[in-house]
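One file, my_file.txt, is given below (compact mmCIF, C-alpha atoms).
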# COMPACT_ATOMS: atom_id res chain seq x y z
CA MET U 1 0.23 0.25 -17.10
CA SER U 2 -0.61 -2.65 -14.82
CA SER U 3 -3.48 -4.90 -15.85
CA ILE U 4 -6.23 -6.08 -13.54
CA ALA U 5 -4.67 -9.56 -13.39
CA GLU U 6 -1.26 -8.11 -12.47
CA LEU U 7 -2.74 -5.89 -9.76
CA ARG U 8 -4.73 -8.82 -8.33
CA ARG U 9 -1.59 -10.97 -8.26
CA ILE U 10 0.46 -8.24 -6.59
CA LEU U 11 -2.21 -7.49 -3.97
CA GLY U 12 -2.81 -11.19 -3.40
CA THR U 13 0.83 -12.12 -2.84
CA CYS U 14 2.40 -9.03 -1.26
CA ARG U 15 0.99 -9.20 2.28
CA THR U 16 3.70 -7.30 4.21
CA VAL U 17 3.79 -3.65 3.17
CA ALA U 18 6.36 -1.04 4.18
CA VAL U 19 4.58 2.32 3.92
CA VAL U 20 7.17 5.05 3.36
CA GLY U 21 5.90 8.44 4.51
CA LEU U 22 3.09 7.03 6.64
CA SER U 23 1.65 9.89 8.69
CA PRO U 24 0.46 9.46 12.29
CA GLN U 25 -2.36 11.95 11.57
CA TRP U 26 -5.67 10.17 11.00
CA HIS U 27 -6.87 12.58 8.31
CA ARG U 28 -3.88 12.10 5.99
CA PRO U 29 -4.28 9.85 2.92
CA SER U 30 -1.32 7.67 3.92
CA PHE U 31 -2.91 6.89 7.29
CA PHE U 32 -6.28 6.14 5.74
CA ALA U 33 -4.81 3.83 3.07
CA ALA U 34 -2.61 1.99 5.59
CA LYS U 35 -5.51 1.58 8.03
CA TYR U 36 -7.67 0.18 5.24
CA MET U 37 -4.99 -2.31 4.19
CA GLN U 38 -4.34 -3.30 7.81
CA SER U 39 -8.04 -3.93 8.36
CA HIS U 40 -8.00 -6.22 5.31
CA GLY U 41 -5.27 -8.47 6.67
CA TYR U 42 -2.08 -6.82 5.45
CA ARG U 43 0.89 -6.35 7.77
CA ILE U 44 1.75 -2.65 7.75
CA VAL U 45 5.34 -1.59 8.49
CA PRO U 46 5.47 2.20 9.00
CA VAL U 47 8.56 4.02 7.70
CA ASN U 48 8.58 7.42 9.37
CA PRO U 49 11.63 8.61 11.34
CA SER U 50 9.66 11.18 13.36
CA ALA U 51 7.05 8.88 14.97
CA PRO U 52 7.61 6.03 17.43
CA GLU U 53 4.45 4.11 16.50
CA ILE U 54 1.62 4.31 13.97
CA LEU U 55 -1.45 2.04 13.80
CA GLY U 56 -0.06 -0.02 16.65
CA GLU U 57 3.11 -0.86 14.72
CA ARG U 58 6.65 0.26 15.51
CA CYS U 59 7.99 2.90 13.11
CA PHE U 60 11.35 2.66 11.39
CA ALA U 61 13.63 5.36 10.04
CA SER U 62 14.22 3.58 6.73
CA VAL U 63 13.09 0.62 4.65
CA THR U 64 16.45 -1.05 5.33
CA ALA U 65 16.01 -0.73 9.12
CA ALA U 66 12.49 -2.12 8.86
CA ALA U 67 13.65 -5.08 6.75
CA ARG U 68 16.46 -5.81 9.21
CA ALA U 69 14.03 -5.82 12.17
CA LEU U 70 11.54 -8.06 10.37
CA ALA U 71 14.28 -10.45 9.25
CA ALA U 72 15.12 -11.04 12.93
CA ASP U 73 11.57 -12.44 13.27
CA GLY U 74 11.85 -14.46 10.05
CA LEU U 75 9.67 -12.06 8.03
CA ARG U 76 10.31 -9.98 4.93
CA ILE U 77 8.85 -6.92 3.27
CA ASP U 78 6.97 -7.79 0.09
CA MET U 79 5.90 -4.33 -1.05
CA VAL U 80 7.31 -0.84 -0.57
CA ASP U 81 4.43 1.64 -0.83
CA CYS U 82 5.64 5.23 -1.30
CA PHE U 83 3.81 8.31 -0.07
CA ARG U 84 6.67 10.63 -1.02
CA ARG U 85 7.31 13.17 -3.76
CA SER U 86 8.46 11.86 -7.14
CA GLU U 87 11.97 13.28 -6.70
CA ASP U 88 12.38 11.37 -3.40
CA ILE U 89 11.79 7.96 -4.98
CA PRO U 90 15.26 6.91 -6.31
CA PRO U 91 16.84 6.20 -2.88
CA ILE U 92 13.67 4.41 -1.78
CA ALA U 93 13.80 2.28 -4.93
CA ASP U 94 17.44 1.47 -4.14
CA GLU U 95 16.41 0.31 -0.66
CA ALA U 96 13.54 -1.77 -2.06
CA ILE U 97 15.99 -3.48 -4.42
CA ALA U 98 18.56 -4.01 -1.65
CA ILE U 99 16.09 -5.70 0.72
CA GLY U 100 14.67 -7.97 -1.99
CA ALA U 101 11.14 -6.56 -2.05
CA ARG U 102 8.85 -7.92 -4.74
CA CYS U 103 6.99 -4.69 -5.56
CA LEU U 104 7.60 -0.95 -5.58
CA TRP U 105 4.25 0.87 -5.44
CA LEU U 106 4.12 4.63 -6.06
CA GLN U 107 0.95 6.34 -4.90
CA LEU U 108 -1.35 8.67 -6.85
CA GLY U 109 0.58 11.54 -8.41
CA VAL U 110 3.96 9.89 -7.81
CA VAL U 111 5.83 9.03 -11.03
CA ASN U 112 9.56 8.49 -11.46
CA GLU U 113 10.39 6.63 -14.67
CA ALA U 114 14.13 6.31 -13.94
CA ALA U 115 13.56 4.73 -10.51
CA ALA U 116 10.86 2.47 -11.98
CA ALA U 117 13.17 1.28 -14.75
CA GLN U 118 15.91 0.58 -12.22
CA ALA U 119 13.50 -1.40 -10.00
CA ARG U 120 12.12 -3.34 -12.97
CA SER U 121 15.62 -4.24 -14.16
CA ALA U 122 16.31 -5.61 -10.66
CA GLY U 123 13.23 -7.84 -10.92
CA LEU U 124 10.67 -5.83 -8.95
CA GLU U 125 7.11 -5.24 -10.07
CA VAL U 126 6.40 -1.51 -10.30
CA VAL U 127 3.04 0.22 -10.00
CA MET U 128 3.01 4.00 -10.45
CA ASP U 129 0.38 6.71 -9.98
CA ARG U 130 -2.14 4.40 -8.31
CA CYS U 131 -3.51 4.16 -4.77
CA VAL U 132 -3.12 0.76 -3.15
CA LYS U 133 -6.34 1.27 -1.14
CA ILE U 134 -8.41 2.25 -4.17
CA GLU U 135 -7.05 -0.60 -6.28
CA HIS U 136 -7.68 -3.15 -3.52
CA ALA U 137 -11.21 -1.85 -2.98
CA ARG U 138 -11.89 -1.79 -6.73
CA LEU U 139 -10.66 -5.34 -7.28
CA TYR U 140 -11.91 -7.00 -4.10
CA GLY U 141 -15.05 -4.99 -3.28
CA GLY U 142 -15.17 -2.21 -0.76
CA LEU U 143 -15.09 1.06 -2.68
CA ASN U 144 -17.68 2.38 -0.25
CA TRP U 145 -15.40 1.74 2.76
CA ALA U 146 -15.52 5.33 4.02
CA GLY U 147 -13.87 6.96 1.09
CA VAL U 148 -15.38 6.51 -2.35
CA ASN U 149 -18.98 7.31 -3.25
CA THR U 150 -20.05 4.52 -5.60
CA ARG U 151 -23.30 6.42 -6.37
CA VAL U 152 -25.26 3.20 -5.90
CA ILE U 153 -28.23 3.38 -3.58
CA SER U 154 -30.47 0.39 -3.46
CA ALA U 155 -33.30 -0.93 -1.32
CA ARG U 156 -32.70 -4.41 -2.70
CA ARG U 157 -31.39 -6.95 -0.23
CA PRO U 158 -28.12 -8.61 -1.18
CA GLN U 159 -28.59 -12.11 -2.57
CA GLN U 160 -25.86 -13.44 -0.33
CA LEU U 161 -25.90 -12.31 3.26
CA PRO U 162 -22.50 -11.73 4.90
CA TYR U 163 -23.28 -13.99 7.86
Represent the structure from my file as structure tokens, please.
Amino acid sequence: MSSIAELRRILGTCRTVAVVGLSPQWHRPSFFAAKYMQSHGYRIVPVNPSAPEILGERCFASVTAAARALAADGLRIDMVDCFRRSEDIPPIADEAIAIGARCLWLQLGVVNEAAAAQARSAGLEVVMDRCVKIEHARLYGGLNWAGVNTRVISARRPQQLPY
């Protein structure tokens, strides 16, 4: 289980995120999470072989193809965020290891202990069964960003105005 300090460090240092299984449909959780991260300053690299572009970014057929294209611009993928079934994770973990990613993040409901152990032994940080959007919002403020009801209603003005 990742601690708050570990999650903060991962989210603070991994700024280029390859989202495997990113859907072009606005109502899908992968689209919503990627849009949230993009709006908070993260570079989103869609990995979806059936779409040409998502969220204004060119799509790639694989993590390896995405890493190769980014390397041509002098960039690298820091995190591989997986919106795939648990049984689909081992080849994605292999790609994350091969490209030198720093983190393999498996979304809510996605758990594959063998792939996680392999990634950890290769030096990657692994987060399983957690949503990158929810964790970012929880740790950096923003749970109410069109998705989570914080059940806090207040007429009190904030002490620090955002402007």
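Across the structure, CA of Met128 in chain U and CA of Ala116 in chain U are spaced 8.1 Å apart.
Considering only C-alpha atoms, the residue among U:Cys59, U:Leu104, U:Met37, U:Ala96 positioned nearest to Val126 in chain U is U:Leu104.
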If you take all atoms listed in the file and a cut-off of 10 Å, which residues of range 48-161 of chain U touch range 2-5 of chain U, and what are their nearest atom pairs and distances in Å to one decimal, in chain and number order, as JSON lines?
{"residue": "U:Glu125", "atom": "CA", "partner": "U:Ser2", "partner_atom": "CA", "distance": 9.4}
{"residue": "U:Val126", "atom": "CA", "partner": "U:Ser2", "partner_atom": "CA", "distance": 8.4}
{"residue": "U:Val127", "atom": "CA", "partner": "U:Ser2", "partner_atom": "CA", "distance": 6.7}
{"residue": "U:Met128", "atom": "CA", "partner": "U:Ser2", "partner_atom": "CA", "distance": 8.7}
{"residue": "U:Arg130", "atom": "CA", "partner": "U:Ser2", "partner_atom": "CA", "distance": 9.7}
{"residue": "U:Glu135", "atom": "CA", "partner": "U:Ile4", "partner_atom": "CA", "distance": 9.1}
{"residue": "U:Arg138", "atom": "CA", "partner": "U:Ile4", "partner_atom": "CA", "distance": 9.8}
{"residue": "U:Leu139", "atom": "CA", "partner": "U:Ile4", "partner_atom": "CA", "distance": 7.7}
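You will find CA of Gln118 in chain U at 15.7 Å from CA of Cys82 in chain U.
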Item to check | Nearest-residue call for Ala66 in chain U, choices U:Val20, U:Phe83, U:Arg102, U:Pro91, using only C-alpha atoms | outcome: U:Val20
Would you compute an axis-aligned box for range 30-43 of chain U, covering every atom listed for it in the file with 8 Å of margin on each side, and report centre and edge lengths in Å to one decimal as JSON?
{"center_x": -3.6, "center_y": -0.4, "center_z": 5.7, "size_x": 24.9, "size_y": 32.1, "size_z": 21.3}
Checklist entry - What does the distance from CA of Thr16 in chain U to CA of Arg85 in chain U come to in Å, to one decimal? => result 22.3 Å
Compile the contact shell of Ala114 in chain U as a compact mmCIF listing (two decimals) with C-alpha atoms, in the frame of the given file: residues with an atom at most 10 Å away, counting all atoms listed in the file, same-chain residues fewer than 3 positions apart removed.
# COMPACT_ATOMS: atom_id res chain seq x y z
CA ILE U 89 11.79 7.96 -4.98
CA PRO U 90 15.26 6.91 -6.31
CA ALA U 93 13.80 2.28 -4.93
CA VAL U 111 5.83 9.03 -11.03
CA ALA U 117 13.17 1.28 -14.75
CA GLN U 118 15.91 0.58 -12.22
CA ALA U 119 13.50 -1.40 -10.00
CA ARG U 120 12.12 -3.34 -12.97
Next on the checklist: Using all atoms listed in the file, list the residues that have an atom at most 8 Å from (0.0, -12.4, 2.5), coordinates as in the file, as a ChimeraX atom specification.
Outcome noted: /U:12-16,41-42
Next on the checklist: Give me, as a VMD selection string, all polymer residues having an atom no more than 6 Å from Asn48 in chain U, counting all atoms listed in the file and skipping those fewer than 4 positions away in the same chain.
Outcome noted: chain U and resid 21 59 to 61
Could the residues in this selection be written to a file with C-alpha atoms, as a CSV table (one decimal), in the frame of the given file?
chain,number,residue,atom,x,y,z
U,21,GLY,CA,5.9,8.4,4.5
U,59,CYS,CA,8.0,2.9,13.1
U,60,PHE,CA,11.4,2.7,11.4
U,61,ALA,CA,13.6,5.4,10.0
